[in-house]
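Colleague: Here it is, the structure, as structure tokens.
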Amino acid sequence: KRAWKIGRSALPILHLFDKLKPPDSSLSLACLWWKALSGNDPQSPVYDNNLAYDLLPRGSRVVVGKKLRRFYPRLHHANVEIRTAFLDRAVTRISESVRIEGNETKVRLICLGGGYDVRSIKFRERGIVDKCIELDL
């Protein structure tokens, strides 16, 4: 419970000088910070080469940077990491199965409720999908 309270209190401070701060819809901003913790860790199965980290405010993202991320207990961001790894593997397997068949089918990924997810960018960069579409409110 204490971790939730501290996290909720910290978010407004971390985005204090963020001119591009999006409105927080429930846990979306917290989830972005959790994704950055996992995505910024080369040992993580969901390492994203700092994509989620780059979405954070430039002035305050250092708190989840390479030097400080080891001090975070694997609480909430571990849940996000597990979910992300599961979804990433599922999409990758489907994409590979389509491409193995040798047909000319284009692989398109449609994310519903993608939020601050970097999956589309990550999969396009890695050539896993040919086109991505994200729909969110």
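By order in the structure tokens, chains are A, B, ...; within a chain, residues start at 1; ligands start at 1, following the order shown.
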Using only C-alpha atoms, which protein or nucleic acid residues come within 12 Å of Gly114 in chain A? Drop anything in the same chain fewer than 4 positions from it, and give the result as a PyMOL selection string.
Modeller: chain A and resi 28+31-32+84+109-110+118-121+132-137
Colleague: Give me, as a ChimeraX atom specification, all polymer residues having an atom no more than 9 Å from Ser44 in chain A, counting only C-alpha atoms and skipping those fewer than 5 positions away in the same chain.
Modeller: /A:38-39,81
Colleague: May I have the selected residues written with N, CA and C atoms, as a PDB file, in the first residue's frame?
Modeller:
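Just written: part_35.pdb:
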```
ATOM      1  N   SER A  38      11.203  -1.422 -16.900  1.00  0.00           N
ATOM      2  CA  SER A  38      11.515  -2.705 -17.534  1.00  0.00           C
ATOM      3  C   SER A  38      12.168  -2.517 -18.894  1.00  0.00           C
ATOM      4  N   GLY A  39      11.666  -1.572 -19.669  1.00  0.00           N
ATOM      5  CA  GLY A  39      12.179  -1.349 -21.012  1.00  0.00           C
ATOM      6  C   GLY A  39      13.569  -0.771 -21.045  1.00  0.00           C
ATOM      7  N   GLU A  81       5.728  -5.956 -16.840  1.00  0.00           N
ATOM      8  CA  GLU A  81       6.754  -6.668 -17.607  1.00  0.00           C
ATOM      9  C   GLU A  81       6.255  -8.058 -18.040  1.00  0.00           C
TER      10      GLU A  81
END
```
Colleague: Residues of chain A classed as alpha helix (DSSP H) by DSSP on the backbone are to be reported as a PyMOL selection string.
Modeller: chain A and resi 2-14+28-39+51-54+76-100+119-126
Colleague: Go through A:Trp34, A:Val107, A:Tyr53, A:Ser97 one by one, measure the shortest atom-to-atom distance of each to Pro73 in chain A using only C-alpha atoms, and give the residue with the smallest value.
Modeller: A:Trp34
Colleague: Neighbouring residues of Asp54 in chain A were defined as those with any atom within 12 Å, considering only C-alpha atoms; residues of the same chain fewer than 6 positions away were excluded. Please report them as a PyMOL selection string.
Modeller: chain A and resi 32-33+35-37+39-40+48+60-62+64-65+116-118
Colleague: Kindly give the distance, in Å, that separates CA of Ala30 in chain A and CA of Gln43 in chain A, rounded to a single decimal.
Modeller: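 According to the coordinates, CA of Ala30 in chain A and CA of Gln43 in chain A are separated by 21.5 Å.
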Colleague: Do you know which residues are at most 12 Å from Phe17 in chain A counting only C-alpha atoms, after dropping those on the same chain fewer than 3 positions away, and could you put them as a PyMOL selection string?
Modeller: chain A and resi 11-14+20-21+56-61
Colleague: Separation of CA of Gly113 in chain A and CA of Arg99 in chain A, in Å?
Modeller: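 Distance reported for this atom pair: 26.4 Å.
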Colleague: As an exercise, work out the distance from CA of Lys106 in chain A to CA of Val80 in chain A in Å and give it to one decimal place.
Modeller: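 CA of Val80 in chain A lies at a distance of 28.7 Å from CA of Lys106 in chain A.
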Colleague: Would you please give, as a list in words, all residues of chain A that DSSP assigns to strand (DSSP E) based on the backbone?
Modeller: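 Result set for chain A (strand (DSSP E)): Arg108, Leu109, Ile110, Cys111, Leu112, Lys131, Cys132, Ile133, Glu134 and Leu135 of chain A.
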Colleague: I'd like to know which of A:Ile82, A:Glu96, A:Gly115, A:Asp130 is closest to Tyr47 in chain A, using only C-alpha atoms.
Modeller: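 Ranked by minimum distance to Tyr47 in chain A, first place goes to A:Ile82.
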